[in-house]
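J.: Got a file for you: data-v9.cif, mmCIF, C-alpha atoms and all ligand atoms.
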data_coords
#
loop_
_atom_site.label_atom_id
_atom_site.label_comp_id
_atom_site.auth_asym_id
_atom_site.auth_seq_id
_atom_site.Cartn_x
_atom_site.Cartn_y
_atom_site.Cartn_z
CA MET S 2 110.12 147.35 179.18
CA ALA S 3 113.88 147.69 179.10
CA GLU S 4 114.54 144.11 180.14
CA SER S 5 112.61 142.60 177.26
CA ILE S 6 114.32 144.92 174.78
CA LEU S 7 117.78 144.10 176.07
CA SER S 8 117.31 140.40 175.53
CA ALA S 9 115.63 140.87 172.16
CA ASP S 10 116.26 139.22 168.82
CA THR S 11 118.83 140.55 166.31
CA GLY S 12 116.68 140.98 163.19
CA LEU S 13 115.03 144.09 161.77
CA ASP S 14 112.16 143.59 164.21
CA ALA S 15 114.63 143.92 167.08
CA VAL S 16 115.85 147.22 165.68
CA ARG S 17 112.29 148.40 165.21
CA ALA S 18 111.59 147.44 168.83
CA LEU S 19 114.60 149.46 169.92
CA TYR S 20 113.25 152.52 168.12
CA ASP S 21 109.75 151.97 169.52
CA TRP S 22 111.27 151.75 172.99
CA GLY S 23 112.93 155.13 172.43
CA THR S 24 109.69 156.71 171.19
CA TYR S 25 107.81 155.40 174.22
CA GLN S 26 110.45 156.49 176.72
CA ARG S 27 110.91 159.97 175.24
CA ALA S 28 107.18 160.53 175.63
CA THR S 29 107.00 159.11 179.17
CA GLU S 30 110.31 158.89 181.10
CA PRO S 31 113.31 160.04 179.07
CA VAL S 32 115.75 158.91 181.79
CA ILE S 33 115.15 155.58 183.55
CA PHE S 34 116.96 153.10 185.75
CA ASP S 35 116.63 149.55 184.48
CA ALA S 36 117.27 146.87 187.08
CA GLY S 37 117.78 144.19 184.43
CA SER S 38 120.83 145.90 182.97
CA GLY S 39 121.78 147.68 186.21
CA ALA S 40 122.16 150.92 184.24
CA TRP S 41 120.51 154.29 183.61
CA HIS S 42 119.13 154.65 180.09
CA VAL S 43 118.87 158.08 178.45
CA PHE S 44 116.54 158.66 175.50
CA SER S 45 116.12 162.40 174.90
CA PHE S 46 118.50 164.46 172.76
CA GLU S 47 119.13 167.18 175.32
CA GLU S 48 120.04 164.77 178.11
CA ALA S 49 122.10 162.53 175.82
CA GLU S 50 124.07 165.57 174.64
CA ARG S 51 124.67 166.58 178.25
CA VAL S 52 126.06 163.12 179.06
CA PHE S 53 128.55 163.54 176.21
CA THR S 54 129.61 167.05 177.14
CA ASP S 55 129.52 167.17 180.96
CA ARG S 56 132.62 165.02 181.14
CA LYS S 57 133.45 165.74 184.78
CA ILE S 58 130.22 164.11 185.94
CA PHE S 59 129.97 161.57 183.12
CA SER S 60 133.36 159.92 182.98
CA SER S 61 134.67 157.61 180.27
CA GLU S 62 137.00 155.90 182.70
CA PHE S 63 135.19 152.94 184.19
CA PRO S 64 136.38 151.31 187.40
CA ARG S 65 138.11 148.04 186.57
CA GLU S 66 135.36 145.96 188.15
CA VAL S 67 132.61 147.32 185.89
CA SER S 68 134.54 147.60 182.63
CA VAL S 69 133.84 144.97 180.00
CA ASN S 70 135.70 141.73 180.37
CA ASP S 71 138.56 142.74 178.20
CA ASP S 72 142.26 143.08 178.69
CA LEU S 73 143.31 145.34 175.81
CA ILE S 74 142.02 148.63 177.20
CA GLU S 75 145.22 150.44 178.18
CA GLY S 76 146.00 153.18 175.68
CA ASN S 77 142.33 153.21 174.62
CA LEU S 78 141.67 156.94 174.67
CA ALA S 79 137.92 156.39 174.35
CA LEU S 80 138.06 154.91 177.87
CA THR S 81 140.34 157.61 179.32
CA ASP S 82 139.53 161.01 180.84
CA PRO S 83 141.64 164.17 180.48
CA PRO S 84 144.44 164.94 181.07
CA ARG S 85 145.71 161.54 179.84
CA HIS S 86 143.02 161.49 177.14
CA THR S 87 144.19 164.84 175.75
CA GLU S 88 147.79 163.64 175.64
CA LEU S 89 146.95 160.38 173.90
CA ARG S 90 144.60 162.00 171.40
CA GLY S 91 147.22 164.66 170.66
CA LEU S 92 149.54 161.96 169.34
CA VAL S 93 147.26 161.17 166.40
CA SER S 94 144.82 164.06 165.99
CA LYS S 95 146.79 165.80 163.22
CA ARG S 96 146.59 162.67 161.06
CA PHE S 97 142.79 162.71 161.17
CA THR S 98 141.94 166.35 160.47
CA ALA S 99 139.66 167.07 157.51
CA ARG S 100 142.62 168.37 155.54
CA ALA S 101 144.86 165.36 156.27
CA ILE S 102 142.04 163.00 155.32
CA THR S 103 141.42 164.73 151.97
CA GLU S 104 144.82 163.44 150.93
CA LEU S 105 143.51 159.89 151.21
CA ARG S 106 140.80 160.49 148.63
CA ASP S 107 142.62 158.93 145.66
CA GLU S 108 143.61 155.89 147.70
CA ILE S 109 140.01 155.47 148.86
CA ASP S 110 138.72 155.77 145.27
CA THR S 111 141.23 153.20 144.07
CA ILE S 112 140.20 150.74 146.79
CA ILE S 113 136.50 151.24 145.96
CA THR S 114 137.09 150.76 142.23
CA GLY S 115 139.07 147.57 142.87
CA LEU S 116 136.40 146.13 145.16
CA LEU S 117 133.54 146.91 142.76
CA ASP S 118 135.48 145.60 139.74
CA ASN S 119 136.04 142.33 141.59
CA LEU S 120 132.52 141.66 142.87
CA SER S 121 131.85 137.96 142.54
CA GLY S 122 128.63 138.53 140.53
CA ASP S 123 125.46 140.62 140.29
CA THR S 124 123.06 138.65 142.42
CA GLY S 125 123.13 137.24 145.92
CA ILE S 126 126.25 139.21 146.80
CA ASP S 127 127.03 139.66 150.49
CA PHE S 128 127.50 143.41 150.45
CA VAL S 129 129.19 143.34 153.86
CA ASP S 130 131.75 140.71 152.98
CA GLU S 131 132.53 141.95 149.49
CA PHE S 132 132.36 145.69 149.98
CA SER S 133 131.27 147.50 153.11
CA TYR S 134 133.65 145.69 155.47
CA ARG S 135 136.56 145.49 153.08
CA LEU S 136 136.57 149.19 152.23
CA PRO S 137 137.09 150.67 155.72
CA ALA S 138 139.32 147.80 156.81
CA SER S 139 141.55 148.32 153.76
CA VAL S 140 141.64 152.08 154.35
CA ILE S 141 142.53 151.86 158.04
CA ALA S 142 145.13 149.18 157.20
CA HIS S 143 146.64 151.68 154.74
CA VAL S 144 146.63 154.48 157.33
CA LEU S 145 148.21 152.32 160.02
CA GLY S 146 150.67 150.66 157.64
CA LEU S 147 149.27 147.13 157.89
CA PRO S 148 149.20 144.73 154.94
CA ARG S 149 145.92 144.73 153.05
CA ALA S 150 146.23 140.97 152.75
CA ASP S 151 145.42 140.84 156.49
CA VAL S 152 141.91 142.29 156.03
CA PRO S 153 140.25 138.82 156.33
CA LEU S 154 142.06 138.42 159.66
CA PHE S 155 140.74 141.79 160.88
CA LYS S 156 137.26 140.75 159.82
CA ARG S 157 137.49 137.53 161.80
CA TRP S 158 138.60 139.48 164.88
CA SER S 159 135.94 142.16 164.62
CA PHE S 160 133.11 139.74 163.92
CA ALA S 161 134.20 137.46 166.77
CA GLN S 162 134.26 140.37 169.23
CA LEU S 163 130.82 141.61 168.21
CA SER S 164 129.37 138.11 168.39
CA GLU S 165 130.93 137.70 171.80
CA GLN S 166 129.32 140.92 173.01
CA ARG S 167 125.97 139.49 172.02
CA THR S 168 126.72 136.22 173.74
CA GLN S 169 127.62 138.00 176.97
CA ALA S 170 124.47 140.09 176.72
CA VAL S 171 122.28 137.02 176.75
CA GLU S 172 124.49 135.37 179.36
CA ALA S 173 125.48 132.34 177.36
CA GLU S 174 128.97 131.08 177.95
CA GLY S 175 129.68 129.43 174.60
CA GLN S 176 131.79 131.94 172.71
CA HIS S 177 133.71 133.47 175.53
CA ASP S 178 136.91 131.66 174.70
CA VAL S 179 136.66 132.76 171.09
CA ALA S 180 136.98 136.43 172.01
CA ARG S 181 139.75 135.61 174.51
CA SER S 182 141.77 133.90 171.84
CA VAL S 183 141.02 136.73 169.40
CA LEU S 184 142.37 139.26 171.88
CA ALA S 185 145.47 137.14 172.39
CA GLU S 186 145.95 136.97 168.62
CA MET S 187 145.51 140.74 168.27
CA ARG S 188 147.98 141.37 171.06
CA GLU S 189 150.61 139.17 169.45
CA TYR S 190 149.95 140.66 165.99
CA PHE S 191 150.27 144.28 167.13
CA ALA S 192 153.24 143.53 169.39
CA GLU S 193 155.03 142.15 166.33
CA GLN S 194 154.11 145.24 164.25
CA VAL S 195 155.46 147.51 167.00
CA ARG S 196 158.70 145.50 167.30
CA ASP S 197 159.12 145.72 163.55
CA ARG S 198 158.56 149.53 163.42
CA ARG S 199 160.98 150.11 166.29
CA ALA S 200 163.62 148.21 164.33
CA ASN S 201 162.62 149.41 160.84
CA PRO S 202 160.87 152.79 161.00
CA ARG S 203 158.58 153.60 158.05
CA ASP S 204 156.27 156.38 157.03
CA ASP S 205 153.16 155.05 158.74
CA LEU S 206 151.06 155.65 161.83
CA ILE S 207 152.35 152.62 163.73
CA THR S 208 155.91 153.93 163.38
CA ALA S 209 154.78 157.38 164.54
CA LEU S 210 153.07 155.91 167.61
CA ALA S 211 155.91 153.50 168.38
CA HIS S 212 158.29 156.47 168.58
CA ALA S 213 155.90 159.03 170.10
CA GLU S 214 156.61 160.50 173.53
CA ILE S 215 154.44 162.20 176.13
CA HIS S 216 156.52 164.39 178.46
CA GLY S 217 159.62 162.55 177.25
CA VAL S 218 158.15 159.09 177.94
CA ARG S 219 157.25 156.60 175.24
CA LEU S 220 153.95 154.70 175.36
CA SER S 221 154.27 151.28 176.98
CA ASP S 222 153.82 148.27 174.73
CA GLU S 223 150.50 147.61 176.43
CA GLU S 224 149.30 151.16 175.67
CA LEU S 225 150.49 150.96 172.07
CA ILE S 226 148.69 147.69 171.49
CA GLY S 227 145.47 149.03 173.06
CA PHE S 228 145.74 152.21 170.97
CA LEU S 229 146.23 150.28 167.73
CA ARG S 230 143.37 147.98 168.55
CA LEU S 231 141.10 151.02 169.09
CA LEU S 232 142.11 152.55 165.76
CA LEU S 233 141.51 149.31 163.89
CA THR S 234 138.23 148.40 165.53
CA GLY S 235 137.05 152.03 165.70
CA GLY S 236 137.74 152.29 161.99
CA ASP S 237 136.35 149.09 160.53
CA MET S 238 132.97 147.95 161.87
CA THR S 239 131.57 151.45 162.40
CA THR S 240 132.16 152.63 158.84
CA CYS S 241 131.14 149.20 157.57
CA SER S 242 127.86 149.63 159.41
CA LEU S 243 127.35 153.15 158.00
CA ILE S 244 127.85 152.04 154.38
CA THR S 245 125.71 148.93 154.87
CA SER S 246 122.99 151.05 156.44
CA ALA S 247 123.03 153.37 153.43
CA VAL S 248 122.02 150.48 151.17
CA LEU S 249 119.37 149.41 153.67
CA CYS S 250 117.99 152.97 153.93
CA PHE S 251 117.88 153.36 150.15
CA ASP S 252 116.21 150.00 149.62
CA GLY S 253 112.52 150.49 148.97
CA ARG S 254 112.90 154.28 148.70
CA ALA S 255 112.62 154.45 144.94
CA GLY S 256 114.71 156.93 143.02
CA LEU S 257 117.21 157.80 145.75
CA LEU S 258 120.24 156.45 143.88
CA ASP S 259 119.04 158.36 140.79
CA ARG S 260 118.83 161.53 142.85
CA LEU S 261 122.40 161.13 144.08
CA ARG S 262 123.62 160.38 140.58
CA GLU S 263 121.92 163.47 139.21
CA ASP S 264 122.99 165.67 142.10
CA PRO S 265 126.22 164.36 143.71
CA GLY S 266 126.24 167.51 145.86
CA LEU S 267 123.54 165.74 147.93
CA ILE S 268 125.83 162.87 148.90
CA PRO S 269 127.31 164.44 152.09
CA ALA S 270 123.79 165.19 153.41
CA ALA S 271 122.71 161.65 152.51
CA VAL S 272 125.60 160.20 154.55
CA GLU S 273 124.67 162.38 157.54
CA GLU S 274 121.07 161.23 157.33
CA VAL S 275 122.05 157.56 157.21
CA ALA S 276 124.23 158.17 160.27
CA ARG S 277 121.30 159.83 162.06
CA TYR S 278 118.75 157.24 161.02
CA ARG S 279 120.81 154.14 161.84
CA PRO S 280 123.68 155.16 164.14
CA PRO S 281 126.43 152.50 164.04
CA PHE S 282 126.76 152.90 167.81
CA ALA S 283 123.19 152.54 169.04
CA ARG S 284 124.41 153.80 172.39
CA VAL S 285 127.56 154.79 174.27
CA ALA S 286 128.39 154.45 177.98
CA ARG S 287 129.55 156.66 180.85
CA TRP S 288 130.16 156.35 184.58
CA THR S 289 128.91 158.96 187.06
CA THR S 290 131.60 160.48 189.29
CA ALA S 291 129.07 162.34 191.47
CA GLU S 292 125.34 162.46 192.09
CA THR S 293 123.60 164.57 189.48
CA GLU S 294 120.21 165.54 188.15
CA LEU S 295 119.43 164.40 184.60
CA GLY S 296 116.10 165.07 182.92
CA GLY S 297 114.45 165.65 186.29
CA VAL S 298 115.80 162.42 187.80
CA ARG S 299 118.49 162.04 190.50
CA VAL S 300 121.25 159.76 189.29
CA PRO S 301 123.62 158.66 192.10
CA ALA S 302 127.42 158.58 191.83
CA GLY S 303 129.04 155.37 190.62
CA GLN S 304 126.40 154.43 188.05
CA VAL S 305 126.55 153.29 184.43
CA VAL S 306 124.69 155.71 182.15
CA LEU S 307 123.75 154.69 178.59
CA PRO S 308 122.63 157.44 176.20
CA TRP S 309 120.76 155.85 173.28
CA LEU S 310 121.69 157.54 170.01
CA THR S 311 118.97 155.58 168.23
CA SER S 312 116.49 157.52 170.36
CA ALA S 313 118.21 160.93 170.73
CA ASN S 314 118.64 161.11 166.94
CA ARG S 315 114.88 160.77 166.52
CA ASP S 316 113.89 163.20 169.25
CA GLU S 317 111.04 165.15 167.73
CA ARG S 318 112.01 168.21 169.81
CA LYS S 319 115.26 168.39 167.86
CA PHE S 320 114.44 166.98 164.42
CA ALA S 321 111.42 167.82 162.29
CA ASP S 322 109.68 164.66 161.01
CA ALA S 323 112.23 162.74 163.04
CA GLU S 324 110.93 159.32 161.96
CA GLU S 325 111.33 160.16 158.29
CA PHE S 326 114.47 159.40 156.31
CA ARG S 327 115.12 162.67 154.48
CA VAL S 328 118.10 162.43 152.19
CA ASP S 329 118.58 166.22 152.11
CA ARG S 330 117.96 166.92 155.79
CA HIS S 331 119.55 170.16 156.93
CA PRO S 332 120.56 170.97 159.58
CA ASN S 333 121.27 167.51 160.95
CA PRO S 334 122.89 167.78 164.40
CA HIS S 335 122.71 164.02 165.13
CA LEU S 336 124.85 162.47 167.86
CA SER S 337 126.15 159.49 165.89
CA PHE S 338 129.77 160.61 166.08
CA GLY S 339 129.44 161.80 169.66
CA ARG S 340 130.12 165.25 171.10
CA GLY S 341 132.70 166.89 173.33
CA VAL S 342 136.26 165.75 173.98
CA HIS S 343 135.63 162.19 172.76
CA PHE S 344 134.05 163.35 169.48
CA CYS S 345 134.93 160.69 166.94
CA LEU S 346 138.54 160.91 165.82
CA GLY S 347 137.72 159.15 162.54
CA VAL S 348 134.70 161.28 161.62
CA HIS S 349 136.25 162.83 158.49
CA LEU S 350 137.73 159.55 157.37
CA SER S 351 134.54 157.56 157.68
CA LYS S 352 132.40 160.25 156.05
CA LEU S 353 134.78 160.51 153.11
CA GLU S 354 134.77 156.72 152.66
CA ALA S 355 130.97 156.60 152.77
CA GLN S 356 130.64 159.55 150.39
CA ARG S 357 133.05 158.12 147.82
CA ALA S 358 131.39 154.70 148.13
CA LEU S 359 127.94 156.18 147.47
CA ALA S 360 129.25 158.19 144.53
CA GLN S 361 130.67 155.09 142.84
CA LEU S 362 127.71 152.87 143.71
CA ALA S 363 125.30 155.44 142.25
CA ALA S 364 127.47 155.84 139.15
CA ARG S 365 127.61 152.09 138.49
CA PHE S 366 124.27 150.71 139.59
CA GLU S 367 120.71 151.49 138.60
CA ASP S 368 119.53 149.73 141.71
CA ILE S 369 120.82 147.75 144.70
CA ALA S 370 118.03 145.52 145.99
CA VAL S 371 118.23 143.89 149.40
CA ARG S 372 117.22 140.22 149.15
CA THR S 373 114.40 139.15 151.39
CA ASP S 374 114.76 135.36 151.19
CA GLU S 375 116.67 135.21 154.52
CA PRO S 376 115.98 137.39 157.58
CA LEU S 377 118.70 139.98 158.24
CA ARG S 378 120.76 139.51 161.39
CA HIS S 379 122.49 142.22 163.39
CA PHE S 380 125.29 141.42 165.77
CA ASP S 381 123.88 143.04 168.85
CA PRO S 382 121.46 145.96 168.45
CA ALA S 383 120.35 145.94 172.08
CA GLY S 384 123.97 145.73 173.23
CA GLY S 385 124.73 148.97 171.45
CA VAL S 386 126.02 148.18 167.96
CA LEU S 387 123.82 148.47 164.90
CA ALA S 388 125.84 146.36 162.47
CA LEU S 389 124.57 143.68 160.14
CA ALA S 390 126.56 140.46 159.98
CA ALA S 391 125.70 140.14 156.26
CA LEU S 392 123.54 141.95 153.67
CA PRO S 393 122.65 139.87 150.60
CA VAL S 394 121.90 142.16 147.63
CA ASP S 395 121.21 142.05 143.90
CA PHE S 396 122.96 144.70 141.85
CA ARG S 397 121.42 146.05 138.65
CA ALA S 398 124.16 147.70 136.62
CA ARG S 399 123.56 150.83 134.55
CA SER S 400 124.07 150.43 130.82
CA SER S 401 127.04 152.83 130.85
CA SER S 402 128.28 152.01 134.31
CA ARG S 403 131.89 153.15 134.59
CA PRO S 404 132.17 156.50 136.40
C1 LIG K 501 130.59 155.70 160.77
C2 LIG K 501 131.74 155.55 161.37
C3 LIG K 501 131.99 155.92 162.80
C4 LIG K 501 131.11 156.19 163.82
C5 LIG K 501 129.59 156.21 163.77
C6 LIG K 501 131.88 156.49 164.99
C7 LIG K 501 131.35 156.84 166.20
C8 LIG K 501 132.09 157.28 167.29
C9 LIG K 501 131.54 157.76 168.52
C10 LIG K 501 130.04 157.88 168.86
C11 LIG K 501 132.56 158.08 169.33
C12 LIG K 501 132.46 158.67 170.74
C13 LIG K 501 132.43 157.60 171.77
C14 LIG K 501 132.20 158.15 173.15
O1 LIG K 501 132.04 159.36 173.33
O2 LIG K 501 132.17 157.34 174.08
C15 LIG K 501 133.77 157.77 168.62
C16 LIG K 501 135.03 157.92 169.12
C17 LIG K 501 136.15 157.47 168.45
N1 LIG K 501 136.24 157.05 167.15
FE1 LIG K 501 134.76 156.82 165.87
N2 LIG K 501 133.21 156.37 164.67
C18 LIG K 501 133.32 156.04 163.34
C19 LIG K 501 134.47 155.87 162.62
C20 LIG K 501 135.72 155.90 163.12
C21 LIG K 501 136.93 155.67 162.38
C22 LIG K 501 137.01 155.42 160.86
C23 LIG K 501 137.94 155.73 163.25
C24 LIG K 501 139.39 155.52 162.89
C25 LIG K 501 140.33 156.25 163.18
C26 LIG K 501 137.38 156.07 164.55
C27 LIG K 501 138.09 156.24 165.72
C28 LIG K 501 137.55 156.71 166.90
C29 LIG K 501 138.35 156.95 168.09
C30 LIG K 501 139.85 156.73 168.23
C31 LIG K 501 137.47 157.43 169.05
C32 LIG K 501 137.80 157.83 170.48
C33 LIG K 501 138.02 159.32 170.48
C34 LIG K 501 138.28 159.88 171.85
O3 LIG K 501 137.98 159.22 172.85
O4 LIG K 501 138.80 161.02 171.93
N3 LIG K 501 136.02 156.17 164.43
N4 LIG K 501 133.45 157.29 167.37
#
Starting from the file, lay out its structure as C-alpha cells.
Ligand code: HEM
T.:
Amino acid sequence: MAESILSADTGLDAVRALYDWGTYQRATEPVIFDAGSGAWHVFSFEEAERVFTDRKIFSSEFPREVSVNDDLIEGNLALTDPPRHTELRGLVSKRFTARAITELRDEIDTIITGLLDNLSGDTGIDFVDEFSYRLPASVIAHVLGLPRADVPLFKRWSFAQLSEQRTQAVEAEGQHDVARSVLAEMREYFAEQVRDRRANPRDDLITALAHAEIHGVRLSDEELIGFLRLLLTGGDMTTCSLITSAVLCFDGRAGLLDRLREDPGLIPAAVEEVARYRPPFARVARWTTAETELGGVRVPAGQVVLPWLTSANRDERKFADAEEFRVDRHPNPHLSFGRGVHFCLGVHLSKLEAQRALAQLAARFEDIAVRTDEPLRHFDPAGGVLALAALPVDFRARSSSRP
C-alpha cells in the first residue's frame, strides 16, 4: 500500500489517499516497514509522539549518506541533537517566545492590511501568490532584517526546493540542477548579508547571529548560512500552507467566516484545528540510534522512521470525531508543531500571523470561494509537505468591509 501512496498524484485526491492510508494503517498495523521507501512509517498518535520525545533513540542527526542531497545543513538545528542543538537553539529562542512575538503584532497587521488593500482584483486571485506566501515571507524578512523587496526571490527559492523534493521522490532527474543553483544562490545571498552585518551591525536577527558566540566561539560562516536558511524556509512555506489550508477548510463549510467575525475569540481554536486537520508537515523524520520496540514492532538501529502527522492528528483514540473539522475543538493536542526538544521555534509567530490574517479576512470578506475550474496541485504531499502551489479564489467583499 505504501508504495502506491508514495508515488501518488499531487491533487486533493492524493491528499485524501494519504488520509485513507493513515486510517487503514491505524486500524491494522500502526507501524510498518515499507520496502519501497526503505523507511518505517508510523501512523498512531501515541507512537508518533514517542518518536518526537524519545530523542535518544530517535535522533534528528542523520548520517551524511542518508541525509537529503543538500549542502546547506550545517547550523540547521532541526537536524542536530543535543548538546549542540541546545546551544544553537539558545542563540535565538528568546526572540521567538510568546511575549517577544506579541511585539510584532502591529507590524503583522500592517503587512496584512497592505496585502489585502493591494489585491489585484476580486475574482480568480491566486491566494498563495498574493497573500498567504507574501505574509509569512514578509514577516520573517522583517524579523531577520532582510529587504521586503526580496520576497519574490524567497518565493522562487522555496517553490524550487519543494518542486525538487517532488521530483526526487518520483526519481526524475529533470529539476535537480534547479535546486542546486537555488542553494548556491541562497548561500551567496546569506553570505553577503552576514558580511554586511559584521561590517555594519544593525538591530536585527542576522546581526545578532553573526556576532553570537557559543563557549567563546562564533558560528562558522557555513553554520550561519545554514541557520538563516532554516529560519527563512521554516518560516515561509509552513505558515503559507497553514493560512492557505484555512481557506480550503472553510470553503464549503457555510457560515464559518461569519462565526469568526461574530466571535473573534474563536480564531485561535480555528487556527489550531486547521493545523490539526491539514498539518503543513505531513510527516517528519528520525533516525534510530539503537534497536527499539515501537507499537509492538521491533525497529532495528540505523533506520529512517517517518511519523505521519496527517494520521496521528486523526487518531480516533486521541481525538473525538477525528475526521470532522471542528472549528471550536478543545482540547486539541495535535502534533503539527512537533513535540519535545525540537518543538517548533516559530510556533507563536506562525499562529499569530494566521490568527491576524483570519481576523482581517473575516472582517473584510463575506465569503472566499475556492475556484474549481482547475484541479488544485500540492507540491509533494506524499513526500511530507502539505502545501498548495496555488489557490485560485473569488473574494466577496462585505458591504462595510474595513475592519
Ligand atoms: C504553520 C507553521 C509551522 C509549522 C506547522 C511548523 C512545524 C514545525 C515542526 C513539526 C517542527 C519540528 C520538526 C521536527 O521535530 O523534526 C518545527 C521545527 C522548527 N520550526 Fe517550525 N513550523 C511552522 C512555522 C515556523 C516558523 C514561522 C518558523 C520561523 C522561525 C519556524 C522555525 C522552526 C525551527 C527553527 C524549527 C527547528 C526547531 C528545533 O529543531 O529545535 N517554524 N516546525
J.: Could you give me, as a Markdown table, every segment 294-377 of chain S residue with an atom at most 12 Å from segment 81-86 of chain S, plus its closest atom pair and distance in Å to one decimal, counting all atoms listed in the file, rows ordered by chain then number?
T.:
| residue | atom | partner | partner_atom | distance |
| --- | --- | --- | --- | --- |
| S:Gly341 | CA | S:Asp82 | CA | 11.7 |
| S:Val342 | CA | S:Pro83 | CA | 8.6 |
| S:His343 | CA | S:His86 | CA | 8.6 |
| S:Phe344 | CA | S:His86 | CA | 11.9 |
J.: Kindly assemble as a tab-separated table a list of the chain S residues that lie within 8 Å of ligand LIG 501 (chain K), each paired with its nearest atom pair and their distance in Å to one decimal, using only C-alpha atoms and all ligand atoms, sorted first by chain and then by ascending residue number.
T.:
residue	atom	partner	partner_atom	distance
S:Phe53	CA	K:LIG501	O1	6.2
S:Ser61	CA	K:LIG501	O2	6.7
S:Asn77	CA	K:LIG501	O3	7.6
S:Leu78	CA	K:LIG501	O3	4.7
S:Ala79	CA	K:LIG501	O3	3.2
S:Leu80	CA	K:LIG501	O3	6.6
S:Thr81	CA	K:LIG501	O3	7.1
S:His86	CA	K:LIG501	O4	6.7
S:Thr87	CA	K:LIG501	O4	7.6
S:Arg90	CA	K:LIG501	O4	5.9
S:Phe97	CA	K:LIG501	C25	7.2
S:Pro137	CA	K:LIG501	C22	7.0
S:Ile141	CA	K:LIG501	C24	6.8
S:Phe228	CA	K:LIG501	C30	7.9
S:Leu231	CA	K:LIG501	C30	5.9
S:Leu232	CA	K:LIG501	C25	4.8
S:Leu233	CA	K:LIG501	C24	6.6
S:Thr234	CA	K:LIG501	C24	7.7
S:Gly235	CA	K:LIG501	C26	4.2
S:Gly236	CA	K:LIG501	C22	3.4
S:Asp237	CA	K:LIG501	C22	6.4
S:Met238	CA	K:LIG501	C2	7.7
S:Thr239	CA	K:LIG501	C2	4.2
S:Thr240	CA	K:LIG501	C2	3.9
S:Cys241	CA	K:LIG501	C1	7.3
S:Ser242	CA	K:LIG501	C1	6.8
S:Leu243	CA	K:LIG501	C1	5.0
S:Ile244	CA	K:LIG501	C1	7.9
S:Ala276	CA	K:LIG501	C5	6.7
S:Pro280	CA	K:LIG501	C5	6.0
S:Pro281	CA	K:LIG501	C5	4.9
S:Phe282	CA	K:LIG501	C5	5.9
S:Arg284	CA	K:LIG501	C10	7.8
S:Val285	CA	K:LIG501	O2	5.3
S:Ala286	CA	K:LIG501	O2	6.2
S:Arg287	CA	K:LIG501	O2	7.3
S:Leu336	CA	K:LIG501	C10	7.0
S:Ser337	CA	K:LIG501	C10	5.2
S:Phe338	CA	K:LIG501	C10	3.9
S:Gly339	CA	K:LIG501	C10	4.0
S:Arg340	CA	K:LIG501	O1	6.6
S:Gly341	CA	K:LIG501	O1	7.6
S:Val342	CA	K:LIG501	O4	5.7
S:His343	CA	K:LIG501	O4	3.5
S:Phe344	CA	K:LIG501	C12	5.1
S:Cys345	CA	K:LIG501	C16	3.5
S:Leu346	CA	K:LIG501	C28	4.4
S:Gly347	CA	K:LIG501	C23	3.5
S:Val348	CA	K:LIG501	C19	5.5
S:His349	CA	K:LIG501	C22	7.8
S:Leu350	CA	K:LIG501	C22	5.5
S:Ser351	CA	K:LIG501	C22	4.6
S:Lys352	CA	K:LIG501	C1	6.8
J.: Please measure the separation of atom CA of Gly23 of chain S and atom CA of Ser312 of chain S, giving the value in Å to one decimal.
T.: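 Taking atom CA of Gly23 of chain S and atom CA of Ser312 of chain S, their separation equals 4.8 Å.
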J.: Between atom CA of Gly227 of chain S and atom CA of Val305 of chain S, what is the spacing in Å?
T.: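 According to the coordinates, atom CA of Val305 of chain S and atom CA of Gly227 of chain S are separated by 22.5 Å.
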J.: May I have the residues within 9 Å of Arg327 of chain S as a list in words, using all atoms listed in the file and disregarding those fewer than 5 positions away in the same chain?
T.: Ala271, Glu274 and Asp322 of chain S
J.: Quote the spacing between atom CA of Asp316 of chain S and atom CA of Trp288 of chain S in Å to one decimal place.
T.: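 Interatomic distance here is 23.4 Å.
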J.: Out of S:Ile74, S:Asp204, S:Arg318, S:Thr289, which residue has the shortest atom-to-atom distance to Val306 of chain S when counting all atoms listed in the file?
T.: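 Comparing S:Ile74, S:Asp204, S:Arg318, S:Thr289 against Val306 of chain S, the winner is S:Thr289.
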J.: For Ala247 of chain S, which of S:Ala398, S:Leu362, S:Ala36, S:Val183 is the closest residue, counting all atoms listed in the file?
T.: S:Leu362
J.: Taking only C-alpha atoms into account, which of S:Arg100, S:Arg399, S:Arg157, S:Arg198 comes nearest Gln361 of chain S?
T.: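 Counting only C-alpha atoms, the residue closest to Gln361 of chain S is S:Arg399.
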J.: List as a PyMOL selection string the protein and nucleic acid residues near segment 122-133 of chain S, meaning an atom at most 10 Å away when only C-alpha atoms are counted, but skip any in the same chain fewer than 3 places from it.
T.: chain S and resi 112-113+115-119+136-138+153+156+237-238+240-246+248+354-355+358+369-372+388-398
J.: Using all atoms listed in the file, which of the listed residues (S:Gln356, S:Asp222, S:Glu214, S:Val195) sits closest to Val275 of chain S?
T.: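 When distances to Val275 of chain S are compared using all atoms listed in the file, the smallest one comes from S:Gln356.
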J.: Smallest atom-to-atom distance to Gly12 of chain S: which of S:Leu377, S:Leu353, S:Leu120, S:Leu145, using all atoms listed in the file?
T.: S:Leu377
J.: Measuring between all atoms listed in the file, which one of S:Leu206, S:Ala270, S:Phe34, S:Leu307 shows the shortest distance to Phe59 of chain S?
T.: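 Closest residue, counting all atoms listed in the file: S:Leu307.
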J.: Around the point (124.3, 145.3, 166.9) (coordinates from the file), which residues reach within 10 Å if we count all atoms listed in the file? Answer as a list in words.
T.: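 Checking each residue against the 10 Å limit leaves Thr11, Gly12, Ala15, Val16, Leu163, Ser164, Gln166, Arg167, Ser242, Pro281, Phe282, Ala283, Arg378, His379, Phe380, Asp381, Pro382, Ala383, Gly384, Gly385, Val386, Leu387, Ala388, Leu389 and Ala390 of chain S.
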J.: Pick out the residues sitting within 10 Å of Val328 of chain S, and hand them over as an mmCIF file with C-alpha atoms, in the frame of the given file; count all atoms listed in the file, and ignore anything fewer than 5 positions along from it in its own chain.
T.:
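File out11.cif, as written:
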data_model
loop_
_atom_site.group_PDB
_atom_site.id
_atom_site.type_symbol
_atom_site.label_atom_id
_atom_site.label_comp_id
_atom_site.auth_asym_id
_atom_site.auth_seq_id
_atom_site.Cartn_x
_atom_site.Cartn_y
_atom_site.Cartn_z
ATOM 1 C CA CYS S 250 117.990 152.970 153.930
ATOM 2 C CA PHE S 251 117.880 153.360 150.150
ATOM 3 C CA LEU S 257 117.210 157.800 145.750
ATOM 4 C CA ARG S 260 118.830 161.530 142.850
ATOM 5 C CA LEU S 261 122.400 161.130 144.080
ATOM 6 C CA LEU S 267 123.540 165.740 147.930
ATOM 7 C CA ILE S 268 125.830 162.870 148.900
ATOM 8 C CA PRO S 269 127.310 164.440 152.090
ATOM 9 C CA ALA S 270 123.790 165.190 153.410
ATOM 10 C CA ALA S 271 122.710 161.650 152.510
ATOM 11 C CA VAL S 272 125.600 160.200 154.550
ATOM 12 C CA GLU S 273 124.670 162.380 157.540
ATOM 13 C CA GLU S 274 121.070 161.230 157.330
ATOM 14 C CA VAL S 275 122.050 157.560 157.210
#
